[in-house]
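Novice: Below you'll find the structure I mean.
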Amino acid sequence: MTVFTWILMINGLFVLGALMIPMLMEIRPRFNVLWGVALPMDVLDHPAINSLRTRYTRQLLGMTLAAGLLLWGVLNVRAEEFRVIGYLLWVFACIGLSFVPYRWTRRALSALKVRHDWQLESSTVVHIDTRASAHKHTYPVKPMWFILPLLTALGIVLLRGTQSMELLGVTLLIILVAGGLYIVNRRTRVRAYTRNTDINIHLNHVIRRRWSIVTVAAAQMGSIAGVLNAWVLNDPSAAPAYMTLTMGTAAVLVMLLILMDAANKRMIAALTANAQTLAQDDDADWSEGTLYKNPRDQKLFVPKRVGIGFTINTGHPRGKALFAVVMAAVVLLVGGIMVLLIGLATDQPAIHVDASTVQVKAVMFNYAFDVKDIQDVELTDQVTVLDKTNGAATSSYARGQFTTREYGTVQLYIYRSQPQMVIIHLPDTTVIYNEESTEATLAVYEEIVAVLE
Amino acid sequence: MIFALDYNDTTPIYVQLRNCIVLAIGRGELQPGERIPTIRQLAEDVGVNPMTVSKAYTIMKNEGFIQVDRRHGAQISMEFPDHRGFHQRLESELRLYATEASLRGMDETSFMAMCQEIYRNIQYRPATGEIK
């Protein structure tokens, strides 16, 4: 396996863990909700539910194993250029697979709830603990903590000046998204878990504070990743360290979320065990236990019932619009990436030479220069590619900006199986190009020489 | 104070809000002089239009249950003076409930015992203004 395939493999295992571990943790109730079904507090450890737990765990581990084997198969596809596409399709398959045991178990539990006539107070009754709500804004950490990631992001400007404004923009966008989550957490309705105000204050305080810390941490990690990226752009040899650190910070963040969610569940269970709880049946407001639609609720965002984070209230007029925008953005983004990847995998770069300009046409990596800028052109079979700066590379081709031992940073458009390459020296860079056959490569060389003469 | 509002109840939300706060004073969960949430905050917590909460607060202010201060927001009144028309309303509603109890077969002793029980369980005592 190539280094890139190994990176995909590690990435895949990370995705698999990030998807399956939170699903595995669904065996523990979130207050009175288990697999998206609201239950009375005293039946959460019923023998029938425990047997569902055992079955669910077995099914989920089976799915994880199947997904792992599928990943191995996808990453060993002979045509390397299709591995990334296969990998992306695998990610979507994994998202689907992770929900299969959940849906089976949810249906079984809903049937069990009807059979045992496990009833709860209707969700049309809203409980409000005014004392817990009054302290709402003191629960999260102060928003000024976001100054830290913003200051860290300035490191990009210090390292790259104004050369990497896009990178700065992406980093600021990550901080903005984390800040948005901070606000959503701050504005979420304070929950009355029990009739005991002290317990409600403690639970809301701790859960909201933890969430706010995680959002600040996410912003900080995004900022650090941006600075590391700027460092790599200054020194391409640092790329492996960047990859390791970025993936490491992402893994730490995911682990932090998972541990926080588990700790929150444990704390709720412990503190509400002997209290008079205010559990309600809001199953009707949740489609499949995951999609919230409650026109009575004026809140745009609510905590998720399954998984970690927040979800949109599609019963809210603005929620509907926001949901449509998010879905359209996801479809466009994923569709765009797939089209681009298929384009990259099937593309055959071409070079067009005329009296004044030379144009290299390659999906995503077009490059053009004036004939008058060509300082020299030569044929060689001695090019050692060291690193990819901004390009696409498989074992059969390399396209984009690369670092080579002989010429430093170059624009590279080569088939690796073809040893002959045309080297075009420009004032500030070098363009290296070849075709799939020696004859075609020689023809390109002769065409450029003819134009120069 | 923990109160419950039922969206399926035919009683309007602002009336439910008013009743919840009055009952909470009676139970001793809200004490004279204690601040209650601002209109905006309560509207946000309950998930209703601020106008609904404002309507409930206006009624309670007119009835003397709360005082609204521009600087300090709303708070429970220190005392609850007899409200004009209250006796008339009480009599009219009691007559209705007593009649309905009688029609449904409840005898006078049971009815009176129930009234007594409810009244005795009220924690707030107007004579001293103290909570039991």
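Within each chain, counting starts at residue 1; across the structure tokens, chains are named A, B, ... in the order shown, with ligands numbered 1 upward in that order.
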Residues near region 303-309 of chain A, anyone? I mean within 7 Å using only C-alpha atoms, not counting same-chain ones fewer than 4 positions away, as JSON, numbers by chain.
Specialist: {"A": [22, 23, 35, 36, 261, 289, 290]}
Novice: Using DSSP on the backbone coordinates, identify the residues of region 201-403 of chain A assigned to strand (DSSP E); present them as number ranges by chain.
Specialist: A: 280-281, 286-287, 291-292, 301-303, 310-312, 350-353, 357-361, 367-370, 376-380, 385-393, 397-403
Novice: Taking 6 positions as the minimum chain separation for residues in the same chain, which residues sit within 7 Å of region 17-27 of chain B when counting only C-alpha atoms? Answer as a list in words.
Specialist: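 In the requested format, the answer is Met1, Phe3, Ala56, Met60, Ile122, Gln123 and Tyr124 of chain B.
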Novice: Keeping only N, CA and C atoms, write the selected residues as a tab-separated table (two decimals), in the first residue's frame.
Specialist:
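This is the output file result.tsv:
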```
chain	number	residue	atom	x	y	z
B	1	MET	N	-39.01	27.99	41.26
B	1	MET	CA	-40.40	27.62	40.99
B	1	MET	C	-40.45	26.77	39.72
B	3	PHE	N	-43.14	25.33	37.09
B	3	PHE	CA	-44.54	25.27	36.71
B	3	PHE	C	-44.71	24.58	35.37
B	56	ALA	N	-49.96	38.22	30.71
B	56	ALA	CA	-50.08	37.58	32.03
B	56	ALA	C	-49.55	38.51	33.12
B	60	MET	N	-51.48	40.25	36.35
B	60	MET	CA	-51.00	40.05	37.73
B	60	MET	C	-50.64	41.38	38.39
B	122	ILE	N	-52.19	25.90	51.96
B	122	ILE	CA	-51.55	27.12	51.43
B	122	ILE	C	-50.50	27.58	52.45
B	123	GLN	N	-49.30	27.73	51.97
B	123	GLN	CA	-48.19	28.05	52.87
B	123	GLN	C	-48.19	29.53	53.25
B	124	TYR	N	-48.63	30.39	52.35
B	124	TYR	CA	-48.57	31.83	52.59
B	124	TYR	C	-49.69	32.26	53.54
```
Novice: Would you mind listing, as a short mmCIF file (atom, residue, chain, number, x, y, z; two decimals) with N, CA, C and O atoms, in the first residue's frame, all residues of chain B that have at least one atom within 6 Å of chain A, where only C-alpha atoms are what counts?
Specialist:
```cif
data_model
loop_
_atom_site.label_atom_id
_atom_site.label_comp_id
_atom_site.auth_asym_id
_atom_site.auth_seq_id
_atom_site.Cartn_x
_atom_site.Cartn_y
_atom_site.Cartn_z
N MET B 1 -39.01 27.99 41.26
CA MET B 1 -40.40 27.62 40.99
C MET B 1 -40.45 26.77 39.72
O MET B 1 -39.84 27.13 38.72
N ILE B 2 -41.18 25.67 39.83
CA ILE B 2 -41.36 24.85 38.63
C ILE B 2 -42.84 24.89 38.28
O ILE B 2 -43.67 24.56 39.11
N PHE B 3 -43.14 25.33 37.09
CA PHE B 3 -44.54 25.27 36.71
C PHE B 3 -44.71 24.58 35.37
O PHE B 3 -43.78 24.47 34.59
N ALA B 4 -45.95 24.11 35.17
CA ALA B 4 -46.23 23.35 33.96
C ALA B 4 -47.32 24.04 33.14
O ALA B 4 -48.33 24.45 33.69
N LEU B 5 -47.05 24.16 31.85
CA LEU B 5 -48.05 24.74 30.95
C LEU B 5 -48.48 23.67 29.97
O LEU B 5 -47.63 22.95 29.43
N ASP B 6 -49.79 23.57 29.76
CA ASP B 6 -50.27 22.54 28.83
C ASP B 6 -50.79 23.20 27.56
O ASP B 6 -51.77 23.94 27.58
N TYR B 7 -50.10 22.91 26.46
CA TYR B 7 -50.49 23.50 25.18
C TYR B 7 -51.81 22.93 24.65
O TYR B 7 -52.43 23.51 23.78
N ASP B 45 -38.08 30.87 27.63
CA ASP B 45 -38.11 29.58 28.32
C ASP B 45 -39.36 28.77 27.97
O ASP B 45 -39.29 27.57 27.76
N GLY B 47 -41.25 29.30 25.36
CA GLY B 47 -41.35 29.10 23.92
C GLY B 47 -42.61 29.74 23.36
O GLY B 47 -43.25 29.18 22.48
#
```
Novice: Leaving out Tyr242 (chain A) and any residue of its chain fewer than 3 positions from it, which residues lie within 12 Å of it when counting only C-alpha atoms, given as a list of chain:residue names?
Specialist: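 Here the qualifying residues turn out to be A:Ile224, A:Ala225, A:Gly226, A:Val227, A:Leu228, A:Asn229, A:Ala230, A:Trp231, A:Val232, A:Leu233, A:Asn234, A:Asp235, A:Pro236, A:Ser237, A:Ala238, A:Ala239, A:Leu245, A:Thr246, A:Met247, A:Gly248, A:Thr249.
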